[in-house]
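Note: the block below is upload04.txt and it holds compact mmCIF, N, CA and C atoms.
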# COMPACT_ATOMS: atom_id res chain seq x y z
N MET A 1 33.54 -47.33 26.20
CA MET A 1 32.55 -46.28 26.24
C MET A 1 31.44 -46.60 25.25
N THR A 2 30.27 -46.33 25.68
CA THR A 2 29.12 -46.58 24.83
C THR A 2 28.69 -45.28 24.17
N LEU A 3 27.69 -45.40 23.34
CA LEU A 3 27.16 -44.26 22.61
C LEU A 3 26.54 -43.24 23.56
N VAL A 4 25.95 -43.70 24.63
CA VAL A 4 25.34 -42.80 25.60
C VAL A 4 26.41 -41.94 26.26
N ASN A 5 27.56 -42.49 26.53
CA ASN A 5 28.65 -41.72 27.13
C ASN A 5 29.15 -40.64 26.16
N TYR A 6 29.20 -40.98 24.89
CA TYR A 6 29.64 -39.97 23.91
C TYR A 6 28.62 -38.84 23.77
N LEU A 7 27.35 -39.18 23.88
CA LEU A 7 26.32 -38.15 23.80
C LEU A 7 26.38 -37.20 24.99
N GLU A 8 26.83 -37.70 26.14
CA GLU A 8 26.99 -36.82 27.30
C GLU A 8 28.09 -35.79 27.05
N PHE A 9 29.09 -36.15 26.28
CA PHE A 9 30.14 -35.19 25.95
C PHE A 9 29.63 -34.11 25.00
N LEU A 10 28.65 -34.46 24.18
CA LEU A 10 28.11 -33.50 23.21
C LEU A 10 27.04 -32.59 23.80
N GLU A 11 26.62 -32.87 25.03
CA GLU A 11 25.55 -32.09 25.64
C GLU A 11 25.89 -30.60 25.79
N PRO A 12 27.09 -30.20 26.25
CA PRO A 12 27.39 -28.76 26.31
C PRO A 12 27.40 -28.11 24.92
N LEU A 13 27.85 -28.85 23.93
CA LEU A 13 27.84 -28.33 22.56
C LEU A 13 26.41 -28.13 22.08
N GLN A 14 25.54 -29.05 22.41
CA GLN A 14 24.14 -28.93 22.03
C GLN A 14 23.50 -27.72 22.70
N GLU A 15 23.82 -27.45 23.95
CA GLU A 15 23.28 -26.29 24.65
C GLU A 15 23.75 -24.99 23.98
N ASN A 16 25.02 -24.97 23.61
CA ASN A 16 25.55 -23.77 22.94
C ASN A 16 24.89 -23.56 21.57
N VAL A 17 24.71 -24.64 20.84
CA VAL A 17 24.06 -24.55 19.53
C VAL A 17 22.62 -24.08 19.69
N THR A 18 21.93 -24.60 20.69
CA THR A 18 20.55 -24.19 20.95
C THR A 18 20.49 -22.71 21.31
N ARG A 19 21.40 -22.23 22.12
CA ARG A 19 21.44 -20.83 22.51
C ARG A 19 21.72 -19.93 21.31
N VAL A 20 22.66 -20.32 20.47
CA VAL A 20 22.98 -19.55 19.27
C VAL A 20 21.80 -19.56 18.30
N TYR A 21 21.14 -20.70 18.15
CA TYR A 21 19.99 -20.81 17.26
C TYR A 21 18.84 -19.91 17.71
N SER A 22 18.56 -19.92 19.01
CA SER A 22 17.46 -19.09 19.50
C SER A 22 17.79 -17.60 19.38
N THR A 23 19.06 -17.25 19.61
CA THR A 23 19.46 -15.85 19.47
C THR A 23 19.36 -15.40 18.02
N THR A 24 19.87 -16.20 17.10
CA THR A 24 19.81 -15.81 15.69
C THR A 24 18.39 -15.81 15.16
N SER A 25 17.54 -16.71 15.63
CA SER A 25 16.15 -16.69 15.17
C SER A 25 15.44 -15.45 15.69
N GLY A 26 15.75 -15.01 16.89
CA GLY A 26 15.18 -13.76 17.41
C GLY A 26 15.65 -12.56 16.62
N ILE A 27 16.95 -12.53 16.30
CA ILE A 27 17.50 -11.43 15.51
C ILE A 27 16.88 -11.41 14.12
N ILE A 28 16.74 -12.58 13.52
CA ILE A 28 16.15 -12.66 12.18
C ILE A 28 14.70 -12.21 12.20
N SER A 29 13.95 -12.57 13.23
CA SER A 29 12.55 -12.14 13.29
C SER A 29 12.45 -10.63 13.49
N ILE A 30 13.32 -10.05 14.29
CA ILE A 30 13.33 -8.59 14.46
C ILE A 30 13.69 -7.91 13.14
N LEU A 31 14.70 -8.43 12.45
CA LEU A 31 15.08 -7.86 11.16
C LEU A 31 13.95 -8.00 10.14
N LEU A 32 13.23 -9.10 10.18
CA LEU A 32 12.10 -9.29 9.27
C LEU A 32 10.99 -8.29 9.54
N VAL A 33 10.70 -8.03 10.81
CA VAL A 33 9.68 -7.04 11.16
C VAL A 33 10.13 -5.65 10.72
N LEU A 34 11.39 -5.31 10.94
CA LEU A 34 11.90 -4.00 10.50
C LEU A 34 11.88 -3.87 8.99
N TRP A 35 12.20 -4.95 8.27
CA TRP A 35 12.16 -4.91 6.82
C TRP A 35 10.73 -4.69 6.32
N CYS A 36 9.77 -5.37 6.95
CA CYS A 36 8.36 -5.20 6.56
C CYS A 36 7.89 -3.77 6.81
N LEU A 37 8.28 -3.20 7.94
CA LEU A 37 7.91 -1.81 8.23
C LEU A 37 8.54 -0.86 7.22
N ASN A 38 9.79 -1.11 6.87
CA ASN A 38 10.47 -0.27 5.88
C ASN A 38 9.81 -0.41 4.51
N PHE A 39 9.42 -1.62 4.15
CA PHE A 39 8.75 -1.85 2.88
C PHE A 39 7.41 -1.12 2.83
N LEU A 40 6.66 -1.20 3.92
CA LEU A 40 5.37 -0.52 4.00
C LEU A 40 5.55 1.00 3.93
N ALA A 41 6.54 1.52 4.62
CA ALA A 41 6.81 2.96 4.58
C ALA A 41 7.22 3.38 3.17
N GLY A 42 8.00 2.57 2.49
CA GLY A 42 8.38 2.88 1.12
C GLY A 42 7.19 2.88 0.19
N LEU A 43 6.27 1.93 0.37
CA LEU A 43 5.06 1.91 -0.45
C LEU A 43 4.21 3.16 -0.21
N ILE A 44 4.09 3.56 1.04
CA ILE A 44 3.31 4.76 1.36
C ILE A 44 3.97 5.98 0.75
N GLN A 45 5.29 6.07 0.84
CA GLN A 45 6.00 7.21 0.29
C GLN A 45 5.85 7.27 -1.23
N ARG A 46 5.98 6.14 -1.90
CA ARG A 46 5.85 6.12 -3.36
C ARG A 46 4.42 6.43 -3.81
N THR A 47 3.44 5.92 -3.07
CA THR A 47 2.04 6.20 -3.39
C THR A 47 1.76 7.69 -3.23
N TYR A 48 2.25 8.28 -2.15
CA TYR A 48 2.05 9.71 -1.93
C TYR A 48 2.72 10.53 -3.02
N ALA A 49 3.95 10.17 -3.38
CA ALA A 49 4.68 10.92 -4.41
C ALA A 49 3.99 10.81 -5.77
N SER A 50 3.51 9.61 -6.12
CA SER A 50 2.83 9.47 -7.41
C SER A 50 1.49 10.21 -7.40
N GLY A 51 0.78 10.19 -6.29
CA GLY A 51 -0.47 10.95 -6.18
C GLY A 51 -0.23 12.44 -6.27
N LEU A 52 0.83 12.90 -5.66
CA LEU A 52 1.17 14.32 -5.72
C LEU A 52 1.53 14.73 -7.15
N ALA A 53 2.31 13.90 -7.85
CA ALA A 53 2.68 14.22 -9.23
C ALA A 53 1.44 14.21 -10.13
N PHE A 54 0.55 13.21 -9.96
CA PHE A 54 -0.66 13.17 -10.76
C PHE A 54 -1.56 14.35 -10.44
N GLY A 55 -1.64 14.74 -9.18
CA GLY A 55 -2.45 15.89 -8.79
C GLY A 55 -1.95 17.18 -9.42
N HIS A 56 -0.65 17.37 -9.44
CA HIS A 56 -0.08 18.57 -10.09
C HIS A 56 -0.37 18.55 -11.59
N PHE A 57 -0.19 17.40 -12.21
CA PHE A 57 -0.45 17.29 -13.65
C PHE A 57 -1.91 17.56 -13.95
N TYR A 58 -2.81 16.96 -13.15
CA TYR A 58 -4.24 17.16 -13.37
C TYR A 58 -4.61 18.63 -13.20
N ARG A 59 -4.13 19.25 -12.15
CA ARG A 59 -4.50 20.64 -11.86
C ARG A 59 -3.97 21.57 -12.95
N GLN A 60 -2.79 21.32 -13.46
CA GLN A 60 -2.20 22.22 -14.45
C GLN A 60 -2.76 21.99 -15.85
N HIS A 61 -3.06 20.75 -16.22
CA HIS A 61 -3.38 20.45 -17.61
C HIS A 61 -4.80 19.95 -17.85
N LEU A 62 -5.40 19.28 -16.90
CA LEU A 62 -6.67 18.61 -17.16
C LEU A 62 -7.87 19.22 -16.45
N HIS A 63 -7.66 19.99 -15.41
CA HIS A 63 -8.78 20.45 -14.60
C HIS A 63 -9.71 21.38 -15.39
N SER A 64 -9.16 22.36 -16.08
CA SER A 64 -10.04 23.30 -16.78
C SER A 64 -10.83 22.64 -17.92
N PRO A 65 -10.24 21.77 -18.76
CA PRO A 65 -11.08 21.12 -19.77
C PRO A 65 -12.16 20.20 -19.17
N PHE A 66 -11.81 19.48 -18.12
CA PHE A 66 -12.80 18.61 -17.50
C PHE A 66 -13.91 19.41 -16.84
N SER A 67 -13.56 20.51 -16.18
CA SER A 67 -14.60 21.29 -15.52
C SER A 67 -15.50 21.96 -16.56
N ARG A 68 -14.93 22.43 -17.68
CA ARG A 68 -15.76 23.00 -18.75
C ARG A 68 -16.71 21.95 -19.32
N ALA A 69 -16.19 20.76 -19.59
CA ALA A 69 -17.02 19.69 -20.14
C ALA A 69 -18.12 19.29 -19.15
N LEU A 70 -17.79 19.23 -17.88
CA LEU A 70 -18.80 18.89 -16.87
C LEU A 70 -19.88 19.97 -16.80
N ARG A 71 -19.47 21.23 -16.84
CA ARG A 71 -20.46 22.31 -16.83
C ARG A 71 -21.37 22.24 -18.04
N LEU A 72 -20.80 21.96 -19.23
CA LEU A 72 -21.62 21.84 -20.43
C LEU A 72 -22.60 20.67 -20.34
N LEU A 73 -22.13 19.53 -19.84
CA LEU A 73 -23.02 18.38 -19.68
C LEU A 73 -24.14 18.66 -18.69
N LEU A 74 -23.80 19.30 -17.58
CA LEU A 74 -24.83 19.62 -16.59
C LEU A 74 -25.84 20.60 -17.17
N ALA A 75 -25.36 21.60 -17.90
CA ALA A 75 -26.27 22.56 -18.52
C ALA A 75 -27.17 21.87 -19.54
N LEU A 76 -26.61 20.95 -20.31
CA LEU A 76 -27.40 20.21 -21.29
C LEU A 76 -28.47 19.37 -20.61
N PHE A 77 -28.12 18.64 -19.56
CA PHE A 77 -29.09 17.81 -18.86
C PHE A 77 -30.15 18.66 -18.16
N LEU A 78 -29.74 19.78 -17.58
CA LEU A 78 -30.72 20.63 -16.91
C LEU A 78 -31.68 21.25 -17.91
N ARG A 79 -31.16 21.65 -19.07
CA ARG A 79 -32.04 22.18 -20.12
C ARG A 79 -33.03 21.13 -20.58
N ARG A 80 -32.53 19.92 -20.80
CA ARG A 80 -33.39 18.83 -21.26
C ARG A 80 -34.45 18.51 -20.20
N LYS A 81 -34.03 18.51 -18.92
CA LYS A 81 -34.97 18.22 -17.84
C LYS A 81 -36.04 19.31 -17.76
N ASN A 82 -35.63 20.57 -17.90
CA ASN A 82 -36.58 21.67 -17.85
C ASN A 82 -37.52 21.64 -19.04
N SER A 83 -37.02 21.29 -20.22
CA SER A 83 -37.88 21.23 -21.40
C SER A 83 -38.90 20.07 -21.30
N VAL A 84 -38.51 18.98 -20.67
CA VAL A 84 -39.42 17.86 -20.47
C VAL A 84 -40.52 18.26 -19.49
N LYS A 85 -40.16 19.01 -18.43
CA LYS A 85 -41.15 19.47 -17.47
C LYS A 85 -42.13 20.44 -18.12
N LEU A 86 -41.60 21.34 -18.96
CA LEU A 86 -42.48 22.30 -19.64
C LEU A 86 -43.43 21.61 -20.59
N ASN A 87 -42.96 20.60 -21.31
CA ASN A 87 -43.81 19.86 -22.25
C ASN A 87 -44.91 19.09 -21.53
N THR A 88 -44.61 18.50 -20.40
CA THR A 88 -45.61 17.71 -19.69
C THR A 88 -46.64 18.61 -19.01
N THR A 89 -46.24 19.79 -18.53
CA THR A 89 -47.21 20.68 -17.88
C THR A 89 -48.07 21.40 -18.90
N SER A 90 -47.57 21.64 -20.10
CA SER A 90 -48.37 22.34 -21.11
C SER A 90 -49.38 21.44 -21.75
N ASN A 91 -49.20 20.13 -21.71
CA ASN A 91 -50.15 19.18 -22.32
C ASN A 91 -51.31 18.97 -21.44

As structure tokens, please, write out the structure in this file.
Amino acid sequence: MTLVNYLEFLEPLQENVTRVYSTTSGIISILLVLWCLNFLAGLIQRTYASGLAFGHFYRQHLHSPFSRALRLLLALFLRRKNSVKLNTTSN
């Protein structure tokens, strides 16, 4: 028997290995897609939860001081703008 004859005996084994390889590669690709979707959903969930926590903290502790400071700055700039207009029109 030559080497070619021995390879003919291995042909059914090669077909089975090829079938198993293609099946497992398909399963692995499906699992990879599902893992990516799960990872993306987890990122979205964590981002939403951290934004919600920061929003609650901001609203309870930081909103009133920031809004007061913003109102004072706006009033200061508007006063300064009005005083500049009055000075230029009176000259």

task = Please measure the separation of CA of Arg46 in chain A and CA of Phe66 in chain A, giving the value in Å to one decimal.
result = 26.5 Å

Please determine an axis-aligned box that encloses all atoms of range 1-13 of chain A listed in the file, with 4 Å added on each side, and express its centre and edge lengths in Å to one decimal as lines of an AutoDock Vina configuration file.
center_x = 29.4
center_y = -37.7
center_z = 24.7
size_x = 16.2
size_y = 27.2
size_z = 13.2

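CA of Asn38 in chain A is found 23.4 Å from atom C of Ala53 in chain A.
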
Repair of range 58-76 of chain A at the level of N, CA, C and O atoms, as a PDB file, in the frame of the given file:
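Ended up saving to rebuild30.pdb:
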ATOM      1  N   TYR A  58      -2.810  16.960 -13.150  1.00  0.00           N
ATOM      2  CA  TYR A  58      -4.240  17.160 -13.370  1.00  0.00           C
ATOM      3  C   TYR A  58      -4.610  18.630 -13.200  1.00  0.00           C
ATOM      4  O   TYR A  58      -5.339  19.195 -14.018  1.00  0.00           O
ATOM      5  N   ARG A  59      -4.130  19.250 -12.150  1.00  0.00           N
ATOM      6  CA  ARG A  59      -4.500  20.640 -11.860  1.00  0.00           C
ATOM      7  C   ARG A  59      -3.970  21.570 -12.950  1.00  0.00           C
ATOM      8  O   ARG A  59      -4.658  22.523 -13.323  1.00  0.00           O
ATOM      9  N   GLN A  60      -2.790  21.320 -13.460  1.00  0.00           N
ATOM     10  CA  GLN A  60      -2.200  22.220 -14.450  1.00  0.00           C
ATOM     11  C   GLN A  60      -2.760  21.990 -15.850  1.00  0.00           C
ATOM     12  O   GLN A  60      -2.925  22.942 -16.611  1.00  0.00           O
ATOM     13  N   HIS A  61      -3.060  20.750 -16.220  1.00  0.00           N
ATOM     14  CA  HIS A  61      -3.380  20.450 -17.610  1.00  0.00           C
ATOM     15  C   HIS A  61      -4.800  19.950 -17.850  1.00  0.00           C
ATOM     16  O   HIS A  61      -5.335  20.141 -18.939  1.00  0.00           O
ATOM     17  N   LEU A  62      -5.400  19.280 -16.900  1.00  0.00           N
ATOM     18  CA  LEU A  62      -6.670  18.610 -17.160  1.00  0.00           C
ATOM     19  C   LEU A  62      -7.870  19.220 -16.450  1.00  0.00           C
ATOM     20  O   LEU A  62      -9.004  18.958 -16.846  1.00  0.00           O
ATOM     21  N   HIS A  63      -7.660  19.990 -15.410  1.00  0.00           N
ATOM     22  CA  HIS A  63      -8.780  20.450 -14.600  1.00  0.00           C
ATOM     23  C   HIS A  63      -9.710  21.380 -15.390  1.00  0.00           C
ATOM     24  O   HIS A  63     -10.937  21.187 -15.356  1.00  0.00           O
ATOM     25  N   SER A  64      -9.160  22.360 -16.080  1.00  0.00           N
ATOM     26  CA  SER A  64     -10.040  23.300 -16.780  1.00  0.00           C
ATOM     27  C   SER A  64     -10.830  22.640 -17.920  1.00  0.00           C
ATOM     28  O   SER A  64     -12.031  22.890 -18.027  1.00  0.00           O
ATOM     29  N   PRO A  65     -10.240  21.770 -18.760  1.00  0.00           N
ATOM     30  CA  PRO A  65     -11.080  21.120 -19.770  1.00  0.00           C
ATOM     31  C   PRO A  65     -12.160  20.200 -19.170  1.00  0.00           C
ATOM     32  O   PRO A  65     -13.299  20.189 -19.640  1.00  0.00           O
ATOM     33  N   PHE A  66     -11.810  19.480 -18.120  1.00  0.00           N
ATOM     34  CA  PHE A  66     -12.800  18.610 -17.500  1.00  0.00           C
ATOM     35  C   PHE A  66     -13.910  19.410 -16.840  1.00  0.00           C
ATOM     36  O   PHE A  66     -15.084  19.054 -16.922  1.00  0.00           O
ATOM     37  N   SER A  67     -13.560  20.510 -16.180  1.00  0.00           N
ATOM     38  CA  SER A  67     -14.600  21.290 -15.520  1.00  0.00           C
ATOM     39  C   SER A  67     -15.500  21.960 -16.560  1.00  0.00           C
ATOM     40  O   SER A  67     -16.717  22.048 -16.362  1.00  0.00           O
ATOM     41  N   ARG A  68     -14.930  22.430 -17.680  1.00  0.00           N
ATOM     42  CA  ARG A  68     -15.760  23.000 -18.750  1.00  0.00           C
ATOM     43  C   ARG A  68     -16.710  21.950 -19.320  1.00  0.00           C
ATOM     44  O   ARG A  68     -17.895  22.204 -19.521  1.00  0.00           O
ATOM     45  N   ALA A  69     -16.190  20.760 -19.590  1.00  0.00           N
ATOM     46  CA  ALA A  69     -17.020  19.690 -20.140  1.00  0.00           C
ATOM     47  C   ALA A  69     -18.120  19.290 -19.150  1.00  0.00           C
ATOM     48  O   ALA A  69     -19.274  19.069 -19.550  1.00  0.00           O
ATOM     49  N   LEU A  70     -17.790  19.230 -17.880  1.00  0.00           N
ATOM     50  CA  LEU A  70     -18.800  18.890 -16.870  1.00  0.00           C
ATOM     51  C   LEU A  70     -19.880  19.970 -16.800  1.00  0.00           C
ATOM     52  O   LEU A  70     -21.069  19.659 -16.704  1.00  0.00           O
ATOM     53  N   ARG A  71     -19.470  21.230 -16.840  1.00  0.00           N
ATOM     54  CA  ARG A  71     -20.460  22.310 -16.830  1.00  0.00           C
ATOM     55  C   ARG A  71     -21.370  22.240 -18.040  1.00  0.00           C
ATOM     56  O   ARG A  71     -22.581  22.440 -17.939  1.00  0.00           O
ATOM     57  N   LEU A  72     -20.800  21.960 -19.230  1.00  0.00           N
ATOM     58  CA  LEU A  72     -21.620  21.840 -20.430  1.00  0.00           C
ATOM     59  C   LEU A  72     -22.600  20.670 -20.340  1.00  0.00           C
ATOM     60  O   LEU A  72     -23.768  20.800 -20.729  1.00  0.00           O
ATOM     61  N   LEU A  73     -22.130  19.530 -19.840  1.00  0.00           N
ATOM     62  CA  LEU A  73     -23.020  18.380 -19.680  1.00  0.00           C
ATOM     63  C   LEU A  73     -24.140  18.660 -18.690  1.00  0.00           C
ATOM     64  O   LEU A  73     -25.300  18.315 -18.935  1.00  0.00           O
ATOM     65  N   LEU A  74     -23.800  19.300 -17.580  1.00  0.00           N
ATOM     66  CA  LEU A  74     -24.830  19.620 -16.590  1.00  0.00           C
ATOM     67  C   LEU A  74     -25.840  20.600 -17.170  1.00  0.00           C
ATOM     68  O   LEU A  74     -27.050  20.458 -16.947  1.00  0.00           O
ATOM     69  N   ALA A  75     -25.360  21.600 -17.900  1.00  0.00           N
ATOM     70  CA  ALA A  75     -26.270  22.560 -18.520  1.00  0.00           C
ATOM     71  C   ALA A  75     -27.170  21.870 -19.540  1.00  0.00           C
ATOM     72  O   ALA A  75     -28.373  22.153 -19.612  1.00  0.00           O
ATOM     73  N   LEU A  76     -26.610  20.950 -20.310  1.00  0.00           N
ATOM     74  CA  LEU A  76     -27.400  20.210 -21.290  1.00  0.00           C
ATOM     75  C   LEU A  76     -28.470  19.370 -20.610  1.00  0.00           C
ATOM     76  O   LEU A  76     -29.644  19.381 -21.023  1.00  0.00           O
TER      77      LEU A  76
END
